[in-house]
Each structure stands twice: as structure tokens, then as C-alpha cells.
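Have a look at protein08.cif below; it lists mmCIF, C-alpha atoms.
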data_work
loop_
_atom_site.label_atom_id
_atom_site.label_comp_id
_atom_site.auth_asym_id
_atom_site.auth_seq_id
_atom_site.Cartn_x
_atom_site.Cartn_y
_atom_site.Cartn_z
CA MET A 13 116.19 110.20 70.27
CA LEU A 14 116.69 106.80 71.90
CA ASN A 15 119.16 106.46 74.77
CA ASN A 16 119.99 102.85 73.94
CA PHE A 17 120.70 101.89 77.54
CA LEU A 18 121.37 98.24 78.27
CA ILE A 19 118.40 96.88 80.23
CA SER A 20 118.81 93.92 82.56
CA ILE A 21 115.65 91.83 82.76
CA ILE A 22 115.78 89.61 85.83
CA THR A 23 113.40 86.66 86.15
CA ILE A 24 112.99 84.81 89.45
CA ASN A 25 111.45 81.34 89.34
CA TYR A 26 110.68 78.44 91.64
CA ASN A 27 108.59 75.46 90.50
CA ASP A 28 106.52 77.46 88.01
CA VAL A 29 107.51 75.92 84.70
CA GLU A 30 104.34 76.98 82.87
CA GLY A 31 104.67 80.57 84.04
CA LEU A 32 108.36 80.55 83.14
CA LYS A 33 107.52 79.40 79.61
CA ARG A 34 105.24 82.42 79.19
CA THR A 35 107.83 84.84 80.55
CA ILE A 36 110.72 83.49 78.45
CA LYS A 37 108.60 83.53 75.28
CA SER A 38 107.56 87.12 75.95
CA VAL A 39 111.13 88.29 76.49
CA GLN A 40 112.36 86.45 73.39
CA SER A 41 109.67 88.15 71.30
CA GLN A 42 110.91 91.68 72.00
CA VAL A 43 111.91 93.74 68.97
CA TYR A 44 114.18 95.92 71.10
CA SER A 45 117.47 94.06 71.38
CA ASN A 46 119.71 95.96 73.79
CA PHE A 47 118.85 93.93 76.85
CA GLU A 48 120.15 90.94 78.77
CA HIS A 49 117.95 88.31 80.35
CA ILE A 50 119.01 86.84 83.68
CA VAL A 51 117.16 83.83 85.11
CA ILE A 52 117.52 82.88 88.78
CA ASP A 53 115.87 79.57 89.63
CA GLY A 54 115.64 78.32 93.20
CA GLY A 55 116.40 74.69 92.44
CA SER A 56 113.02 73.81 90.93
CA THR A 57 111.99 70.18 90.58
CA ASP A 58 109.09 70.64 88.13
CA GLY A 59 111.01 70.76 84.86
CA SER A 60 111.98 74.43 85.09
CA LYS A 61 115.69 73.66 84.97
CA ALA A 62 115.30 71.64 81.75
CA LEU A 63 113.34 74.53 80.23
CA ILE A 64 116.07 76.97 81.23
CA GLU A 65 118.80 74.76 79.79
CA ALA A 66 116.85 74.44 76.52
CA ASN A 67 116.77 78.24 76.24
CA LYS A 68 120.18 79.00 77.75
CA ASP A 69 121.43 80.72 74.59
CA SER A 70 118.84 83.43 75.23
CA PHE A 71 120.23 84.26 78.67
CA SER A 72 123.27 86.28 79.63
CA TYR A 73 123.30 84.40 82.94
CA TRP A 74 121.28 81.66 84.57
CA ILE A 75 121.52 79.49 87.63
CA SER A 76 119.37 76.82 89.24
CA GLU A 77 120.19 76.03 92.85
CA PRO A 78 118.42 76.09 96.22
CA ASP A 79 118.25 79.51 97.86
CA THR A 80 116.76 81.14 100.92
CA GLY A 81 113.88 83.05 99.31
CA ILE A 82 112.63 85.58 96.79
CA TYR A 83 114.82 88.51 97.81
CA TYR A 84 117.94 86.39 98.08
CA ALA A 85 117.26 85.34 94.48
CA MET A 86 116.56 88.91 93.36
CA ASN A 87 119.80 90.08 94.93
CA LYS A 88 121.69 87.35 93.07
CA GLY A 89 120.26 88.74 89.86
CA ILE A 90 121.22 92.31 90.76
CA LYS A 91 124.82 91.33 91.50
CA VAL A 92 125.41 89.78 88.07
CA ALA A 93 123.42 92.36 86.08
CA LYS A 94 125.39 94.55 83.67
CA GLY A 95 122.60 96.90 82.60
CA GLU A 96 122.22 100.51 83.61
CA TYR A 97 118.55 99.88 84.39
CA LEU A 98 117.24 96.74 86.09
CA PHE A 99 113.75 95.33 85.64
CA PHE A 100 112.18 92.34 87.41
CA LEU A 101 109.82 90.31 85.23
CA ASN A 102 109.29 87.30 87.40
CA SER A 103 108.07 83.90 86.34
CA GLY A 104 104.53 84.01 84.96
CA ASP A 105 104.43 87.71 84.10
CA ASP A 106 104.93 88.99 80.56
CA PHE A 107 105.05 91.98 78.23
CA ILE A 108 101.83 93.07 76.54
CA ASP A 109 103.36 92.83 73.07
CA SER A 110 106.64 92.51 71.16
CA LYS A 111 107.30 96.27 71.11
CA ALA A 112 106.91 96.88 74.83
CA LEU A 113 110.60 97.56 75.49
CA ASN A 114 110.76 99.99 72.57
CA ARG A 115 108.11 102.14 74.27
CA VAL A 116 109.90 101.88 77.60
CA GLU A 117 113.44 102.64 76.44
CA MET A 118 112.69 106.15 75.20
CA HIS A 119 111.83 107.17 78.78
CA LEU A 120 115.00 105.88 80.42
CA ASN A 121 117.43 108.76 80.90
CA THR A 122 118.70 110.45 84.05
CA PHE A 123 116.02 109.34 86.51
CA ASP A 124 116.83 106.78 89.20
CA ILE A 125 113.39 105.19 88.96
CA VAL A 126 111.02 105.09 85.99
CA TYR A 127 107.63 103.48 86.51
CA PHE A 128 104.54 102.74 84.43
CA ASN A 129 101.10 101.14 84.85
CA ILE A 130 100.35 97.42 84.64
CA ASN A 131 97.52 95.14 83.65
CA VAL A 132 96.43 92.96 86.56
CA ILE A 133 95.06 89.63 85.35
CA ASP A 134 93.16 87.04 87.35
CA SER A 135 90.95 84.15 86.29
CA GLU A 136 87.94 86.35 85.57
CA LYS A 137 89.05 89.78 84.41
CA VAL A 138 91.80 92.19 83.39
CA SER A 139 92.07 95.46 85.30
CA LEU A 140 94.42 98.42 85.04
CA LYS A 141 96.55 99.35 88.03
CA ARG A 142 97.51 102.97 87.51
CA SER A 143 100.32 104.46 89.57
CA PRO A 144 100.21 108.08 90.72
CA LYS A 145 102.21 110.72 88.86
CA ILE A 146 103.31 112.34 92.12
CA LEU A 147 104.53 109.99 94.84
CA THR A 148 103.78 110.94 98.44
CA PHE A 149 104.61 109.38 101.76
CA ALA A 150 100.87 108.88 102.35
CA TYR A 151 100.76 106.71 99.22
CA LEU A 152 104.07 104.93 99.70
CA HIS A 153 103.46 103.96 103.32
CA GLN A 154 100.96 101.36 102.12
CA ASP A 155 101.52 100.90 98.38
CA LEU A 156 104.13 101.25 95.65
CA PRO A 157 104.52 101.18 91.88
CA PRO A 158 104.64 97.43 91.11
CA HIS A 159 108.04 95.94 90.30
CA GLN A 160 106.50 94.59 87.07
CA SER A 161 106.29 98.21 85.88
CA THR A 162 109.36 99.74 87.50
CA PHE A 163 112.87 100.27 86.13
CA VAL A 164 115.58 101.05 88.68
CA LYS A 165 119.12 102.20 88.00
CA LYS A 166 121.62 99.63 89.20
CA SER A 167 123.62 102.46 90.74
CA LEU A 168 120.75 103.03 93.18
CA PHE A 169 121.22 99.51 94.59
CA GLU A 170 124.97 100.01 94.75
CA LYS A 171 124.55 103.29 96.60
CA ASN A 172 121.65 102.48 98.96
CA GLY A 173 121.92 98.72 99.40
CA TYR A 174 120.15 95.67 98.03
CA TYR A 175 116.87 94.07 99.08
CA ASP A 176 116.52 93.21 102.77
CA GLU A 177 116.62 89.40 102.85
CA LYS A 178 115.25 89.28 106.40
CA LEU A 179 111.85 90.35 105.05
CA THR A 180 109.69 87.78 103.29
CA ILE A 181 107.14 89.90 101.36
CA VAL A 182 107.78 93.67 101.40
CA SER A 183 111.50 94.09 100.75
CA ASP A 184 110.94 95.63 97.31
CA TRP A 185 108.55 98.10 98.96
CA LYS A 186 111.13 98.86 101.67
CA PHE A 187 113.80 99.50 99.05
CA LEU A 188 111.60 101.97 97.14
CA ILE A 189 110.25 103.90 100.13
CA LEU A 190 113.77 104.31 101.52
CA ALA A 191 115.18 105.31 98.14
CA LEU A 192 112.45 107.90 97.54
CA CYS A 193 111.70 109.24 101.01
CA LYS A 194 115.07 108.90 102.75
CA TYR A 195 117.66 109.10 99.98
CA ASN A 196 115.75 111.44 97.62
CA ALA A 197 115.97 109.23 94.54
CA THR A 198 114.66 110.90 91.40
CA TYR A 199 111.70 109.38 89.60
CA LYS A 200 109.50 109.65 86.54
CA TYR A 201 105.99 108.35 85.87
CA VAL A 202 104.85 107.31 82.40
CA ASP A 203 101.11 106.85 81.89
CA ASP A 204 101.40 103.75 79.72
CA VAL A 205 101.10 99.98 80.07
CA PHE A 206 103.72 97.53 78.85
CA SER A 207 103.47 94.47 81.14
CA ASN A 208 100.97 92.04 82.61
CA PHE A 209 100.90 90.86 86.22
CA TYR A 210 99.09 87.60 86.96
CA ARG A 211 97.59 87.31 90.43
CA GLY A 212 98.69 84.42 92.60
CA GLY A 213 102.08 85.59 93.83
CA ILE A 214 103.00 85.57 97.50
CA SER A 215 102.07 89.23 98.11
CA SER A 216 98.65 88.90 96.44
CA LEU A 217 97.46 85.97 98.57
CA GLU A 218 95.01 87.00 101.26
CA GLU A 219 96.54 84.69 103.86
CA ASN A 220 99.80 86.68 103.63
CA PHE A 221 98.23 90.11 104.25
CA HIS A 222 98.87 89.98 108.01
CA VAL A 223 102.55 89.18 107.37
CA MET A 224 102.76 92.07 104.91
CA LYS A 225 101.25 94.48 107.44
CA LYS A 226 103.57 93.29 110.21
CA GLU A 227 106.66 93.74 108.03
CA ARG A 228 105.54 97.16 106.80
CA ASP A 229 104.82 98.37 110.33
CA LEU A 230 108.28 97.22 111.39
CA VAL A 231 109.93 99.24 108.62
CA LEU A 232 107.75 102.33 109.13
CA ASN A 233 108.23 102.43 112.90
CA THR A 234 111.97 101.90 112.50
CA GLU A 235 112.72 104.25 109.62
CA PHE A 236 109.88 106.81 109.59
CA LEU A 237 108.56 107.21 113.13
CA ILE A 238 108.14 111.02 112.97
CA GLN A 239 106.47 110.88 109.54
CA MET A 240 104.08 108.20 110.81
CA ASN A 241 103.11 110.46 113.72
CA ASP A 242 102.25 113.19 111.21
CA LEU A 243 100.36 110.72 109.03
CA LYS A 244 98.29 109.43 111.96
CA TYR A 245 97.32 113.03 112.79
CA LYS A 246 96.36 113.60 109.14
CA PHE A 247 94.16 110.50 109.15
CA LYS A 248 92.52 111.67 112.39
CA LEU A 249 91.65 115.04 110.82
CA GLU A 250 90.27 113.30 107.73
CA ARG A 251 87.98 111.15 109.90
CA ILE A 252 86.73 114.24 111.69
CA LEU A 253 86.06 115.94 108.35
CA ARG A 254 84.17 112.91 107.00
CA ASN A 255 81.99 112.82 110.11
CA LEU A 256 81.28 116.54 109.85
CA ARG A 257 80.17 116.13 106.24
CA LYS A 258 77.68 113.47 107.35
CA SER A 259 76.29 115.67 110.11
CA LYS A 260 72.66 116.71 109.54
CA THR A 261 73.35 120.01 111.28
CA ILE A 262 76.23 120.78 108.92
CA GLN A 263 74.15 119.75 105.90
CA LEU A 264 71.37 122.09 107.02
CA LEU A 265 73.77 124.99 107.50
CA ILE A 266 75.15 124.39 103.99
CA LYS A 267 71.61 124.24 102.57
CA LEU A 268 70.78 127.53 104.29
CA ARG A 269 74.03 128.95 102.87
CA LEU A 270 75.24 129.87 106.32
CA ILE A 271 78.47 127.99 105.62
CA ASN A 272 80.15 126.92 102.40
CA LYS A 273 80.23 123.31 101.26
CA PHE A 274 83.50 121.63 102.16
#

Translate the structure of the given file into C-alpha cells.
Amino acid sequence: MLNNFLISIITINYNDVEGLKRTIKSVQSQVYSNFEHIVIDGGSTDGSKALIEANKDSFSYWISEPDTGIYYAMNKGIKVAKGEYLFFLNSGDDFIDSKALNRVEMHLNTFDIVYFNINVIDSEKVSLKRSPKILTFAYLHQDLPPHQSTFVKKSLFEKNGYYDEKLTIVSDWKFLILALCKYNATYKYVDDVFSNFYRGGISSLEENFHVMKKERDLVLNTEFLIQMNDLKYKFKLERILRNLRKSKTIQLLIKLRLINKF
């Protein structure tokens, strides 16, 4: 039985008119109809605003004006969204087919967060990024289910706060790790693919990796200092175990069956 929740699809764009064309076309193609499409443009000068105005009848809300960054724009979208579940399909990304939302909607129920897998597309290949069924702090401290595959209840933002606009790259990660590890948000994993992510965004550029690490370390050492101490000890034990497995003495003892393989 379908829940028929209203879904708010929020698209952030800045000077990516070709990517925006792909995203708008993909959203417009959806067979499932109980959604609203919100477009937040940061005052683009490449023709994006004209494209948005030409398709304005497809949007429940749109705006094109200068802003202070990605998360400021995402927060603007959250504030005007009317759906029970919010989903960010930013400029350039798209659904894999016209029935993608139909497959998603049946899984939206009582969970705060529902996440899927995504196709990752670059100039040479398509690869599957599969998220884990069980989320752990060890996983979340350095990764997260991508926002292109994650549906979040709007009530979670209202209860726990919006994206941190002081961060430039990892605010969506900060929101999820706090929601899951600090505020005990409920979640559900669905082993299916419904969207495509195209490499080239700010977080996928190699030159931004050091900024990403710096921002993550700031959050982890501020919010999860005790957990990080435990995690560092775990990593130390894992290194010791790996070295023991490589030891010729240990390998000989295993071969002689004096100790069990580990």
C-alpha cells in the first residue's frame, strides 16, 4: 500500500544551465505526481534564470538571487518546502528513469531517514556506490549515504536544526552524523538505485579534499571526542592485527596448526 507522502525535491543551481536542463527534464518525466519541485538559484549569469522562468509552471517555488553558498541555498529550500520528506537533487543529477519516485515512495513511512544506492557517473564509466545496511560511527566518521539517494523528514530539520552554513563542504555530512549518532534518528536502507550522481561537484574535486578533512576533524573533535578516542584505539588494534597476519612466525605457527588462523 502506498503512503502517498508529499515529497519535496529541492534543486540547487549556480551557473550550470546544461546540468539544470538535465535535472528539470528528469523531474518533469516522473510518473509519480505527489511531489513539489523547488529550485534555488544563486543568481546565475549563464542563462539558468531564463531556463527556470521558462519552466516556472513546473515549480512550486523558485528564486534566483545571489547567496552565500551551497548550504545557505539548501536551507532556503528547506524553509519553503511543504513535503513530509525532503530530497536534494542538485543541478546536473537526475533520476535513472521515469518511475524512480514510484519505487522510492513505497519505502517512505515512519523512518526519519531513508537512503538508497546511487550510480556514480564520470567521463569514462558508471559505477555503483552502495551504502551499508547498518550504519556505524566507524563508517559515518568518514562517509555518509549520498544526499542524491537520501530522503529526510522535514521534521528532523525542524527538531535538530538546519545545515551549518559556516561549513563549505561537509555540512550535509555533519547534519546526518549528528542526527544519527547524537539524536538517535531512525533510518532505513533500501538496496536499490533510483538516481545518478555526476562527478565534478565541489566535494568530489581532489583539490578540496584537504578542506573536507579539516572541516570533518573540526566537527568530530567538537561533537564526538570520546567516540574518536575509541575509534583511534580500534584502528590501532586493527593495524597490530594486520601486522601479525603478515608475520612469518605467525604464518608458520598457523601452518603447523599450533594456532588457529585469524

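Distance annotation: of A:Asn208, A:Ser72, A:Ser103, A:Asn67, the residue with the minimal separation from Phe128 (chain A) is A:Asn208; atom set is all atoms listed in the file.
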
Please, which residues are within 12 Å of (100.9, 99.3, 93.8) by the file's coordinates, counting all atoms listed in the file, and could they come as a PyMOL selection string? chain A and resi 127-132+140-144+147+151-162+182+184-185+188+209+215-216

Quick one: residues within 7 Å of region 36-48 of chain A, all atoms listed in the file counted, chain neighbours fewer than 6 positions away excluded, as number ranges by chain? A: 16, 18-21, 71-72, 106-107, 110-111, 113-114

Would you work out the distance separating CA of Asp53 (chain A) from CA of Glu77 (chain A), expressed in Å to one decimal? 6.4 Å

Straight-line distance linking CA of Ile271 (chain A) with CA of Arg251 (chain A), stated in Å to one decimal: 19.8 Å

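Going from CA of Tyr199 (chain A) over to CA of Lys145 (chain A), you cover 9.6 Å.
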
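Take the PyMOL selection byres ((chain A and resi 235) around 12) and apply it to this file: it picks His153, Lys186, Phe187, Ile189, Leu190, Ala191, Cys193, Lys194, Tyr195, Arg228, Asp229, Leu230, Val231, Leu232, Asn233, Thr234, Phe236, Leu237, Ile238, Gln239 and Met240 of chain A.
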
Apply the PyMOL selection byres ((chain A and resi 97) around 8) to the file shown and report the selected residues as a ChimeraX atom specification. /A:17-20,95-96,98-99,163-166

List the residues selected by the PyMOL selection byres ((chain A and resi 23) around 10) in the file shown, writing them as a PyMOL selection string. chain A and resi 20-22+24-25+32+35-36+49-53+74+85-86+89+99-105

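Minimum atom-to-atom distances from A:Ala112, A:Tyr201, A:Arg211, A:Asp124 to Leu168 (chain A) were compared using only C-alpha atoms, and the lowest value belongs to A:Asp124.
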
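Proximity of A:Ile108, A:Val29, A:Ile181, A:Ile146 to His222 (chain A), computed with only C-alpha atoms, is greatest for A:Ile181.
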
Find, counting only C-alpha atoms, the residue in A:Thr180, A:Asn172, A:Asn272, A:Asn255 that gets nearest to Ala197 (chain A). A:Asn172

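With all atoms listed in the file as the atoms that count, the residue of A:Phe274, A:Asn27, A:Gly59, A:Asp242 with the shortest distance to Arg257 (chain A) is A:Phe274.
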